[in-house]
Number of protein chains: 4
Amino acid sequence: MGGSLKENTIIKKMKALVYHGPGKKSWEDKTKPAIRESTDVIVKIIKTTICGTDLHILKGDVPEVAEGRILGHEGVGVIEETGNAVTGFKKGDHVIISCITSCGKCVYCKRSMYSHCVNGGWILGHLIDGTQAEYVRIPFADNSLYHIPEGSDEEALVMLSDILPTGFECGVLNGKVQPGNTVAIVGSGPIGLAALLTAQFYSPAEIIMIDPDDNRLETAKKFGATQTINNSRENAVERVKELTGGIGVDTAIEAVGIPATFDLCQSVVAPGGVIANVGVHGKSVELHLEKLWSENITITTRLVDTVTTPMLLKTIQSKKLDSKKLITHRFPLNDIIKAYDVFEHAAKERALKVILIND
Amino acid sequence: MGGSLKENTIIKKMKALVYHGPGKKSWEDKTKPAIRESTDVIVKIIKTTICGTDLHILKGDVPEVAEGRILGHEGVGVIEETGNAVTGFKKGDHVIISCITSCGKCVYCKRSMYSHCVNGGWILGHLIDGTQAEYVRIPFADNSLYHIPEGSDEEALVMLSDILPTGFECGVLNGKVQPGNTVAIVGSGPIGLAALLTAQFYSPAEIIMIDPDDNRLETAKKFGATQTINNSRENAVERVKELTGGIGVDTAIEAVGIPATFDLCQSVVAPGGVIANVGVHGKSVELHLEKLWSENITITTRLVDTVTTPMLLKTIQSKKLDSKKLITHRFPLNDIIKAYDVFEHAAKERALKVILIND
Amino acid sequence: MGGSLKENTIIKKMKALVYHGPGKKSWEDKTKPAIRESTDVIVKIIKTTICGTDLHILKGDVPEVAEGRILGHEGVGVIEETGNAVTGFKKGDHVIISCITSCGKCVYCKRSMYSHCVNGGWILGHLIDGTQAEYVRIPFADNSLYHIPEGSDEEALVMLSDILPTGFECGVLNGKVQPGNTVAIVGSGPIGLAALLTAQFYSPAEIIMIDPDDNRLETAKKFGATQTINNSRENAVERVKELTGGIGVDTAIEAVGIPATFDLCQSVVAPGGVIANVGVHGKSVELHLEKLWSENITITTRLVDTVTTPMLLKTIQSKKLDSKKLITHRFPLNDIIKAYDVFEHAAKERALKVILIND
Amino acid sequence: MGGSLKENTIIKKMKALVYHGPGKKSWEDKTKPAIRESTDVIVKIIKTTICGTDLHILKGDVPEVAEGRILGHEGVGVIEETGNAVTGFKKGDHVIISCITSCGKCVYCKRSMYSHCVNGGWILGHLIDGTQAEYVRIPFADNSLYHIPEGSDEEALVMLSDILPTGFECGVLNGKVQPGNTVAIVGSGPIGLAALLTAQFYSPAEIIMIDPDDNRLETAKKFGATQTINNSRENAVERVKELTGGIGVDTAIEAVGIPATFDLCQSVVAPGGVIANVGVHGKSVELHLEKLWSENITITTRLVDTVTTPMLLKTIQSKKLDSKKLITHRFPLNDIIKAYDVFEHAAKERALKVILIND
């Protein structure tokens, strides 16, 4: 009897990456999550990754993250246990975990604005424990997980948790990228590259990638950029104007999140064009309405809704999108501290997305 | 023979309202315009009006307006003479003059973005002589004039030159007003009221009008506002939140053109909503991307394209829109200096649009 | 003890309108429904109504309806009991029952195409027992019911179960009704009138109502039709052409469901226009592609998705829509056989919607 | 003097392909066209081609084509002379001739529905003399011609006169092809292949090509079809269902123009899908509303508007589209009778588009 008790205790522990306030994290033992609501499932993580947002949290930029929180909002896994009300998934199913949790019932979910779900939204690794762990509890599982088709390369599908829908929905869809159009993407980090990859679904004539890092621009070229501009050396506004017959671009995608890059977007967008903001901003920006009021432009913002995940999955399966290109490093989940170190020095390490493997 | 020469000279003179640099205007003799291009017509003005933009010009805010320029970009008239290439109009036709001149051939015109016509755009009373005169030359007449149907009330149609398409295109269409939605209009001047009138085409549940002038708010109530807020006395943000269950509005229309009112729009727009800028801004504004980056909002700007003029004409003819409500004062064209005086003191005079009649 | 058993048995009985094969129905005792799935609720009916579709079922036109089925897919009620997984509703809540049951999770629900929900769709009074009873079991209650705001006129809201969203979604939205446009609605029965009422949300210039019954056309006039055509006496095609300057209508809404009326729509739609089919068709129709292939038209079909129910509720609350106009008769629920009789002779009885009240 | 007269006479003659009633055509001397309206230009043909519609005319299927008419509505050329009102083109400019003539001023042109231009539309080689000649008069030149960029492969641009905009506008745009979607194209002739090429702008997951000719299906595979079905041997409906998990396709493009192929589209379209008709139909078809009324589908028809020509030109210039793939044969313009012979036996000759070169 004592033995079985001990066994239970052992089973209920797991390893997880835990936030302990600004600058502090550790890979440590935590209680394994259990079903709380009938709509929950417990997922054993197969692969997860680190997001730029996790770095922001660790800097203390996201104060609502409590100390003791397990980080991470991306990953694929296998279902370990399901709540009574879950109908779409069963133990043993392989699933993509969406970074956005959606109840499917609230006024925002009914408008396909899952990002603002009144019962969910971005909560994983933020307001509830996340995916950088051996196990994770996923609320509203029927609406927040996606089945992995048999025979898929699961690593490629980790990119569907956040980065690809973010680049696509916030950048490409909001930016109204169209065949024959001209697009500038400011920022050639992982999220800018995700926008670059998915912008090509719509066959724009030109995609101009702007970044101060030559390595990243080289990657952008390989990923399909038709032009690159190193804005640490070149006058990006002048160069864009040259490349567009003086008119500017139909779509400018902001994929950095600072005033200077948003400003650049304002300077290169053509009359009638769109600025699609993807970057996470910590400060306000100056909007030049004294010039733009008469330019018939549109500016959009968006927290990813992940409503396009099923569609993006189809494009990966039909080989219209090679999402593995975004993966540069792989580590055992146990080495996540090392992985964070690489990701924090992404430019030096030439890192885009790092995969953590839970064997 | 000398007599007939003199007669010709007399015929070629007309009266016009002329800009003579900041703060200076006069009602004076000018040469009557003549056909220059085969696509021109000469229109004898029947009725014209004064726009807030004319006041801006007179303040010196629009430096590209040369001294000696005849002002005015609105009006109805009768065709006096047509260029050889004009096929849609003939001498004697009664016409609405659009504030936007469009060639119909350039890349912007083909995209229905007449505001940015490379051969036209807003030029009347700006880069070429305008409509506050007995006669006006209209370039690209086939694309820039609209036939007045028999039996119309021509005064009502002066509102189609600029103010109604501006309120409708820049405010209502860009603002995506929909049945059942909640709309806030910041600014209850003529342009805000034009947005108010045309927003009702789409049956929103609530239209909240915000202005510091009680008289204007009273007018807004009469014109269909469901709620009014005097933001000189009340905390407009709090009041809008109260009226919308704490959520904010689906559409916020900025109809003033200063940082404070644009800021108010940012504070009251709901997640997923639209800020449609109508106001002419002289300064940049602060855009709170640190809050709005994740709010899934859209901000639009637009110089009116006047592409909806034919549609608006149908709504007037079918009595869905009573545009005469916007007219508060009438003067003979000869008294235009007096009319300017009234319009410059619009609040005190309770003036919206003033009609100048050329008998 | 025997007594309490008897009491239980009595409680579990209720009255209901039961289909017993073509031409046969009765108001009889049935077992009161109970929760089966954790997402179910049991609703006590307050008010219900009869749909044209119920008459089709009784004619034997809908063979998948089994004998013994309780009919009815419309109504308002009060929640009696909720399944464990229901989070949006509780005992005592007053609710609108949607004619469409939606699971909220399937691929169609995620596309807002609830009509094709793989776990629901139109099942009430069709594949499962319906609302013409004292109680009804509603599956997937969180997605298939809507809260009735305090102080509402509940009778008016019965129109939100089916007829208003059907007229609006299938006719008006699919038909792309726009300000200033011209609309023809073929069929002035309840569903055509629902389209007429909701078309006015968009301020079309003309709504031409076509029907062979003068009483119904008179009602249409009262409900906002700008023109009526009695196609038993008049040549409807010629009349529409006269009324539209020979061009035809921008939107033709088919609200009958027979080849002749669909044919009429083909004859009156203008180049670039839309035919929005609302009628339930029992036979194929002849599509004149030999003429229409080059006319740039759109034809749409739709089983109502009821995605606009929340929006329509707002329009009723804000008095943009007076849905009670559609109600002509009221009966106690016990008199439903009499109510069916009236509704079956709708033309003679001048009946539109009949309300059944469960006291 | 006699000499110069003779010279004039010689200059004013040209060779042209002339229709002489059903089944009769000849390559013969005709008067060289001259400017008639100030908006005309005269174009010297560089390259032209033959359309399936020309074969229809020769069969007598297009009775409004008068005997003596010069056929042809496609081609590139060089401007020889311009009318006084032409501002966008000058002698010596190389141009793409659009199959659709648009005045740019009428109500349809203003709605971008050039196909129904009240002063133009499809008139070339139909109601006025066409492009299968050494010279052609182009009315409303400013709106009906497009500049050829320096250094372009002009042969590739002949495909922009008709076939590419037709496949794209009528098939792909109307069919709402989207990333990840499933498309069936019924008919793998030139127009079906044009739809296939341009559908790929939107990265659908699957494009299923259906045709009874194995050679054409082989071409389709080379052009990007992911699946092919020979419907002379296979049950196309069953095969499409197999390939789509029993659901059907999101978009079915009809590119033949007979009842059987339209019927096939009705059988394979999924709920919520679109049937985009491209084919020219000579007979009515049976529309299965008894099944489709509740399937939430859209059916579209369209005569090409050629509004996407500038956009398609950009996709060719940026190498997103290789339009030369559609060209299989080349002949001197003088051998046009031989070219017609090849094109009339397209299946046997494996002909798609034939280019006629005017040296």
# chains A, B, ... in the order shown; residues from 1 in each chain; ligands from 1

call {"tool": "select_by_dssp", "arguments": {"residues": "region 108-329 of chain B", "states": "helix (DSSP H, G or I)", "output": "VMD selection string"}}
result
chain B and resid 108 to 110 114 to 116 141 to 144 154 to 158 163 to 173 190 to 202 214 to 223 236 to 243 259 to 268 289 to 292 309 to 317 323 to 326

call {"tool": "interface_residues", "arguments": {"of": "chain A", "to": "chain B", "cutoff": "8 Å", "atoms": "only C-alpha atoms", "output": "number ranges by chain"}}
result
A: 113, 116, 271-272, 277-303

call {"tool": "atom_distance", "arguments": {"atom1": "CA of Thr87 (chain C)", "atom2": "CA of Ser161 (chain C)"}}
result
21.2 Å

call {"tool": "closest_residue", "arguments": {"among": "C:Ala225, C:Ala220, C:Ile57, C:Leu326", "to": "Glu155 (chain C)", "atoms": "only C-alpha atoms"}}
result
C:Leu326

call {"tool": "residues_around", "arguments": {"residues": "region 187-189 of chain B", "least_positions_apart": "5", "cutoff": "6 Å", "atoms": "only C-alpha atoms", "output": "list in words"}}
result
Ile210, Asp211, Arg216, Ala255 and Val256 of chain B

call {"tool": "atom_distance", "arguments": {"atom1": "CA of Leu313 (chain A)", "atom2": "CA of Thr226 (chain D)"}}
result
17.3 Å

call {"tool": "residues_around", "arguments": {"residues": "region 242-244 of chain D", "least_positions_apart": "4", "cutoff": "10 Å", "atoms": "only C-alpha atoms", "output": "list of chain:residue names"}}
result
D:Thr182, D:Glu206, D:Ile208, D:Gln227, D:Ala236, D:Val237, D:Glu238, D:Gly248, D:Val249, D:Asp250, D:Val268, D:Ala270

call {"tool": "residues_around", "arguments": {"residues": "region 127-142 of chain B", "least_positions_apart": "4", "cutoff": "8 Å", "atoms": "only C-alpha atoms", "output": "PyMOL selection string"}}
result
(chain B and resi 14-17+32-35+37+39-45+48-49+64-66+69-75+86-89+101-103+122-123+333+358) or (chain D and resi 105)
